[in-house]
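Notes to accompany the following structure.
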Amino acid sequence: MAEVIWRPVSVDVGWGTLRGKICTVGGGDTPTLRVVGVHGWLDNANSFDTLVPLLPAGVEVLALDLPGHGLSDHLPLGAHYNILVQAFNLRTALQKLGWSKAVVIGHSMGAAVAVLLTALFPEHVLALVQLDFIQRNREASRVTLWRSDAATLRRSEKPKNPPQPLTEREALDRLVAARRNQNLDHDNIDAADAKVLLPRAAARHGDGYLWRHDPRVRATFNSLFGGRAWLEVASAVRCPLLVVVATKGMCVLPKSEYKAVLDAYRKNTARFDYRAVEGGHHVHLSHPERVAPEVNTFLRAVATEGHEQPSARL
């Protein structure tokens, strides 16, 4: 396991500040490859803490808390969260930090954000890694989903009593419970994994903890897309792509549910790798030694082969 020393980073994106951290695996001043980590829904930049030390030496890693998550600012009142908003803010942050070309590794919601970023702004993305996310090929009613989102937003915007601080044990238990895979009836993370997320997920308040995330992020993050709309997004991805799925994660429906999107990747990307690893949805956090070999093989291939990026096609 390589040495990793994280340095805090913050970037003004216009309406507020995104905060995260940066490191070079194994130290050194001359990065061999730049990697951007994009965390999942209600997670934060710490979700890559266990994976990063297992990446190849010399890789420079940037992990940001997305708007409304971790230490980053919440969107202004009246603004709402979805993956398009997150992708635009991520692009702004990368531009301002001078990260014009990088491999983007996204987990869950972060993978959806990364796919959209890649489709819209391919000049920023050298290659893409999706960790346990494949959008299903389903024609769900957009209006039905938007109504659900609107109900969630209305609930989150209603005045509430001041939140009561949680003990550390209560906070850890809730982090574990919130990430439980109900379909497969098992925990995705344990208390040790939750401790990795906790420092950015909650703020100390006296002897207890209060959640940092914006309640409005609980609206369904990808309801703007689905079916044909997402297939067009997937078809616009041209760079090398690695999809890693967990055997007990979120991509366990019949293969026919994902076929159209995976076929679009196979047809259009410069390189397409698909790998399955044993574990739950957060396997990159709970068992990074299972994910790192697949990611490292892909990163080394990308660094060796090099790929030119085409213009956006959306």
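Just remember, in the structure tokens the first chain shown is A, the second B, etc., residues are 1-based per chain, and ligands are 1-based in the order shown.
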
Residues near Thr17 in chain A, anyone? I mean within 9 Å using only C-alpha atoms, not counting same-chain ones fewer than 6 positions away, as an mmCIF file with N, CA and C atoms, in the first residue's frame.
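Contents of part-v5.cif, freshly written:
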data_model
loop_
_atom_site.group_PDB
_atom_site.id
_atom_site.type_symbol
_atom_site.label_atom_id
_atom_site.label_comp_id
_atom_site.auth_asym_id
_atom_site.auth_seq_id
_atom_site.Cartn_x
_atom_site.Cartn_y
_atom_site.Cartn_z
ATOM 1 N N SER A 10 -10.031 23.768 -2.148
ATOM 2 C CA SER A 10 -11.343 24.403 -2.278
ATOM 3 C C SER A 10 -11.351 25.211 -3.560
ATOM 4 N N VAL A 11 -12.519 25.329 -4.164
ATOM 5 C CA VAL A 11 -12.629 26.049 -5.429
ATOM 6 C C VAL A 11 -13.959 26.801 -5.474
ATOM 7 N N PRO A 67 -21.756 19.479 -4.667
ATOM 8 C CA PRO A 67 -22.639 20.435 -3.995
ATOM 9 C C PRO A 67 -23.670 19.737 -3.107
ATOM 10 N N SER A 72 -18.715 20.692 1.132
ATOM 11 C CA SER A 72 -19.050 21.677 0.100
ATOM 12 C C SER A 72 -20.321 22.437 0.457
ATOM 13 N N ASP A 73 -20.451 23.644 -0.105
ATOM 14 C CA ASP A 73 -21.622 24.472 0.166
ATOM 15 C C ASP A 73 -22.883 23.834 -0.407
ATOM 16 N N HIS A 74 -24.017 24.204 0.193
ATOM 17 C CA HIS A 74 -25.319 23.794 -0.322
ATOM 18 C C HIS A 74 -25.742 24.758 -1.426
#

Do a neighbour search on range 78-93 of chain A at 10 Å with only C-alpha atoms, toss out local chain neighbours closer than 5 positions, and write the hits as a VMD selection string. chain A and resid 10 to 15 17 to 19 36 38 64 to 68 98 to 100 109 to 118 120 to 121 124 149 to 150 153 157 214 216 to 225

Computed interatomic separation between CA of Asn161 in chain A and CA of Gly70 in chain A (Å):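 Value for the CA of Asn161 in chain A-CA of Gly70 in chain A distance: 21.9 Å.
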
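Residue nearest Val261 in chain A, chosen from A:Met1, A:Leu51, A:Val291, A:Ala229 and counting only C-alpha atoms: A:Ala229.
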
Go ahead and compute the interatomic distance for CA of Thr32 in chain A and CA of Gly20 in chain A, in Å to one decimal.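 For CA of Thr32 in chain A relative to CA of Gly20 in chain A, the distance reads 20.8 Å.
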
Quick one: DSSP strand (DSSP E or B) residues in range 191-245 of chain A, as a compact mmCIF listing (two decimals) with N, CA and C atoms, in the first residue's frame?
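Output contents, as saved in out_34.txt:
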# COMPACT_ATOMS: atom_id res chain seq x y z
N ALA A 202 -20.68 14.38 8.74
CA ALA A 202 -21.31 15.03 9.89
C ALA A 202 -20.32 15.97 10.57
N ALA A 203 -20.84 17.01 11.16
CA ALA A 203 -20.03 17.99 11.89
C ALA A 203 -20.17 17.77 13.38
N ARG A 204 -19.08 17.94 14.10
CA ARG A 204 -19.15 17.84 15.55
C ARG A 204 -19.99 18.98 16.11
N HIS A 205 -20.86 18.65 17.06
CA HIS A 205 -21.71 19.64 17.72
C HIS A 205 -21.73 19.27 19.19
N GLY A 208 -21.82 15.57 20.22
CA GLY A 208 -22.50 14.77 19.20
C GLY A 208 -22.17 15.22 17.79
N TYR A 209 -23.01 14.77 16.84
CA TYR A 209 -22.81 15.04 15.42
C TYR A 209 -24.11 15.50 14.78
N LEU A 210 -23.99 16.43 13.83
CA LEU A 210 -25.11 16.85 12.99
C LEU A 210 -24.73 16.61 11.53
N TRP A 211 -25.68 16.13 10.73
CA TRP A 211 -25.39 15.85 9.32
C TRP A 211 -25.04 17.13 8.58
N LEU A 241 -13.47 3.16 -21.45
CA LEU A 241 -14.42 3.01 -20.36
C LEU A 241 -14.25 1.67 -19.67
N LEU A 242 -14.20 1.71 -18.34
CA LEU A 242 -14.23 0.51 -17.51
C LEU A 242 -15.48 0.55 -16.65
N VAL A 243 -16.27 -0.50 -16.71
CA VAL A 243 -17.44 -0.66 -15.85
C VAL A 243 -17.15 -1.78 -14.88
N VAL A 244 -17.17 -1.46 -13.58
CA VAL A 244 -16.98 -2.46 -12.52
C VAL A 244 -18.29 -2.60 -11.77
N VAL A 245 -18.84 -3.80 -11.73
CA VAL A 245 -20.09 -4.03 -11.01
C VAL A 245 -19.83 -4.96 -9.83

Using only C-alpha atoms, which protein or nucleic acid residues come within 12 Å of Tyr265 in chain A? Drop anything in the same chain fewer than 4 positions from it, and give the result as a PyMOL selection string. chain A and resi 115+119+128+130+134-135+230-243+258-261+269-274

Would you put the residues from that selection into a file with C-alpha atoms, as a PDB file, in the first residue's frame?
ATOM      1  CA  VAL A 115     -21.013   9.756 -17.691  1.00  0.00           C
ATOM      2  CA  ALA A 119     -20.792  13.047 -22.931  1.00  0.00           C
ATOM      3  CA  LEU A 128     -13.958   6.890 -17.501  1.00  0.00           C
ATOM      4  CA  GLN A 130     -17.994   3.475 -13.514  1.00  0.00           C
ATOM      5  CA  ILE A 134     -25.389   1.085 -15.087  1.00  0.00           C
ATOM      6  CA  GLN A 135     -28.521   3.005 -15.969  1.00  0.00           C
ATOM      7  CA  TRP A 230     -29.936   8.073 -21.243  1.00  0.00           C
ATOM      8  CA  LEU A 231     -29.166   5.822 -24.202  1.00  0.00           C
ATOM      9  CA  GLU A 232     -28.271   8.931 -26.193  1.00  0.00           C
ATOM     10  CA  VAL A 233     -26.007  10.090 -23.351  1.00  0.00           C
ATOM     11  CA  ALA A 234     -24.290   6.681 -23.213  1.00  0.00           C
ATOM     12  CA  SER A 235     -23.874   6.655 -26.993  1.00  0.00           C
ATOM     13  CA  ALA A 236     -21.995   9.962 -26.809  1.00  0.00           C
ATOM     14  CA  VAL A 237     -19.218   8.481 -24.641  1.00  0.00           C
ATOM     15  CA  ARG A 238     -16.185   7.892 -26.860  1.00  0.00           C
ATOM     16  CA  CYS A 239     -13.239   7.614 -24.455  1.00  0.00           C
ATOM     17  CA  PRO A 240     -11.951   4.347 -22.915  1.00  0.00           C
ATOM     18  CA  LEU A 241     -14.420   3.012 -20.359  1.00  0.00           C
ATOM     19  CA  LEU A 242     -14.226   0.512 -17.506  1.00  0.00           C
ATOM     20  CA  VAL A 243     -17.443  -0.657 -15.852  1.00  0.00           C
ATOM     21  CA  TYR A 258     -28.708  -3.083 -19.120  1.00  0.00           C
ATOM     22  CA  LYS A 259     -28.122  -4.496 -22.603  1.00  0.00           C
ATOM     23  CA  ALA A 260     -28.934  -1.391 -24.647  1.00  0.00           C
ATOM     24  CA  VAL A 261     -26.596   0.849 -22.642  1.00  0.00           C
ATOM     25  CA  THR A 269     -16.024   3.780 -26.876  1.00  0.00           C
ATOM     26  CA  ALA A 270     -12.339   3.596 -27.781  1.00  0.00           C
ATOM     27  CA  ARG A 271     -11.963   0.719 -25.294  1.00  0.00           C
ATOM     28  CA  PHE A 272     -14.622  -1.029 -23.240  1.00  0.00           C
ATOM     29  CA  ASP A 273     -13.862  -3.273 -20.256  1.00  0.00           C
ATOM     30  CA  TYR A 274     -16.528  -4.876 -18.071  1.00  0.00           C
TER      31      TYR A 274
END

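Atom pair CA of Arg290 in chain A / CA of Ala171 in chain A: separated by 27.2 Å.
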
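Using only C-alpha atoms, the residues found no farther than 10 Å from Lys101 in chain A, other than those of its own chain fewer than 5 positions away, are Leu33, Arg34, Val35, Val36, Leu94, Gln95, Pro122, Glu123, His124, Val125, Leu126, Ala127 and Gln309 of chain A.
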
Write out as a PyMOL selection string the residues lying within 12 Å of Gly58 in chain A, counting only C-alpha atoms and excluding same-chain residues fewer than 6 positions away. chain A and resi 2-4+23-35+52+299-300+303

Check range 218-287 of chain A with DSSP on the backbone and list each residue it calls helix (DSSP H, G or I), as an mmCIF file with N, CA and C atoms, in the first residue's frame.
data_model
loop_
_atom_site.group_PDB
_atom_site.id
_atom_site.type_symbol
_atom_site.label_atom_id
_atom_site.label_comp_id
_atom_site.auth_asym_id
_atom_site.auth_seq_id
_atom_site.Cartn_x
_atom_site.Cartn_y
_atom_site.Cartn_z
ATOM 1 N N ARG A 218 -31.920 14.661 -1.282
ATOM 2 C CA ARG A 218 -32.659 13.403 -1.222
ATOM 3 C C ARG A 218 -33.629 13.242 -2.380
ATOM 4 N N ARG A 228 -34.691 6.233 -23.532
ATOM 5 C CA ARG A 228 -34.035 6.732 -24.740
ATOM 6 C C ARG A 228 -33.100 7.897 -24.435
ATOM 7 N N ALA A 229 -33.471 8.752 -23.499
ATOM 8 C CA ALA A 229 -32.641 9.923 -23.191
ATOM 9 C C ALA A 229 -31.263 9.489 -22.688
ATOM 10 N N TRP A 230 -31.234 8.498 -21.760
ATOM 11 C CA TRP A 230 -29.936 8.073 -21.243
ATOM 12 C C TRP A 230 -29.158 7.286 -22.289
ATOM 13 N N LEU A 231 -29.848 6.567 -23.145
ATOM 14 C CA LEU A 231 -29.166 5.822 -24.202
ATOM 15 C C LEU A 231 -28.411 6.779 -25.119
ATOM 16 N N GLU A 232 -28.968 7.942 -25.378
ATOM 17 C CA GLU A 232 -28.271 8.931 -26.193
ATOM 18 C C GLU A 232 -27.051 9.475 -25.451
ATOM 19 N N VAL A 233 -27.162 9.663 -24.141
ATOM 20 C CA VAL A 233 -26.007 10.090 -23.351
ATOM 21 C C VAL A 233 -24.914 9.030 -23.424
ATOM 22 N N ALA A 234 -25.272 7.770 -23.181
ATOM 23 C CA ALA A 234 -24.290 6.681 -23.213
ATOM 24 C C ALA A 234 -23.635 6.570 -24.580
ATOM 25 N N SER A 235 -24.401 6.773 -25.636
ATOM 26 C CA SER A 235 -23.874 6.655 -26.993
ATOM 27 C C SER A 235 -22.884 7.763 -27.330
ATOM 28 N N LYS A 255 -29.682 -9.254 -17.140
ATOM 29 C CA LYS A 255 -28.785 -8.538 -18.038
ATOM 30 C C LYS A 255 -29.525 -7.764 -19.124
ATOM 31 N N SER A 256 -30.730 -8.225 -19.455
ATOM 32 C CA SER A 256 -31.510 -7.537 -20.487
ATOM 33 C C SER A 256 -31.829 -6.097 -20.096
ATOM 34 N N GLU A 257 -31.872 -5.800 -18.779
ATOM 35 C CA GLU A 257 -32.174 -4.452 -18.315
ATOM 36 C C GLU A 257 -31.071 -3.457 -18.708
ATOM 37 N N LYS A 259 -28.709 -4.142 -21.312
ATOM 38 C CA LYS A 259 -28.122 -4.496 -22.603
ATOM 39 C C LYS A 259 -27.971 -3.307 -23.545
ATOM 40 N N ALA A 260 -28.985 -2.485 -23.679
ATOM 41 C CA ALA A 260 -28.934 -1.391 -24.647
ATOM 42 C C ALA A 260 -27.800 -0.419 -24.324
ATOM 43 N N VAL A 261 -27.648 -0.085 -23.042
ATOM 44 C CA VAL A 261 -26.596 0.849 -22.642
ATOM 45 C C VAL A 261 -25.219 0.222 -22.837
ATOM 46 N N LEU A 262 -25.057 -1.029 -22.421
ATOM 47 C CA LEU A 262 -23.761 -1.689 -22.580
ATOM 48 C C LEU A 262 -23.404 -1.863 -24.052
ATOM 49 N N ASP A 263 -24.392 -2.149 -24.883
ATOM 50 C CA ASP A 263 -24.139 -2.266 -26.323
ATOM 51 C C ASP A 263 -23.683 -0.929 -26.899
ATOM 52 N N ALA A 264 -24.273 0.165 -26.410
ATOM 53 C CA ALA A 264 -23.862 1.495 -26.875
ATOM 54 C C ALA A 264 -22.416 1.770 -26.491
ATOM 55 N N TYR A 265 -22.027 1.370 -25.280
ATOM 56 C CA TYR A 265 -20.637 1.533 -24.856
ATOM 57 C C TYR A 265 -19.705 0.712 -25.752
ATOM 58 N N ARG A 266 -20.070 -0.552 -25.987
ATOM 59 C CA ARG A 266 -19.213 -1.420 -26.803
ATOM 60 C C ARG A 266 -19.044 -0.861 -28.219
ATOM 61 N N LYS A 267 -20.085 -0.292 -28.744
ATOM 62 C CA LYS A 267 -20.067 0.200 -30.118
ATOM 63 C C LYS A 267 -19.271 1.484 -30.270
ATOM 64 N N ASN A 268 -19.317 2.363 -29.264
ATOM 65 C CA ASN A 268 -18.826 3.727 -29.450
ATOM 66 C C ASN A 268 -17.533 4.074 -28.728
ATOM 67 N N VAL A 283 -18.228 -1.659 -2.545
ATOM 68 C CA VAL A 283 -17.080 -2.564 -2.468
ATOM 69 C C VAL A 283 -15.763 -1.812 -2.642
ATOM 70 N N HIS A 284 -15.761 -0.689 -3.349
ATOM 71 C CA HIS A 284 -14.521 0.085 -3.509
ATOM 72 C C HIS A 284 -14.052 0.669 -2.187
ATOM 73 N N LEU A 285 -14.977 0.852 -1.246
ATOM 74 C CA LEU A 285 -14.652 1.349 0.089
ATOM 75 C C LEU A 285 -14.407 0.202 1.058
ATOM 76 N N SER A 286 -15.275 -0.813 1.022
ATOM 77 C CA SER A 286 -15.196 -1.894 2.010
ATOM 78 C C SER A 286 -14.129 -2.937 1.675
#
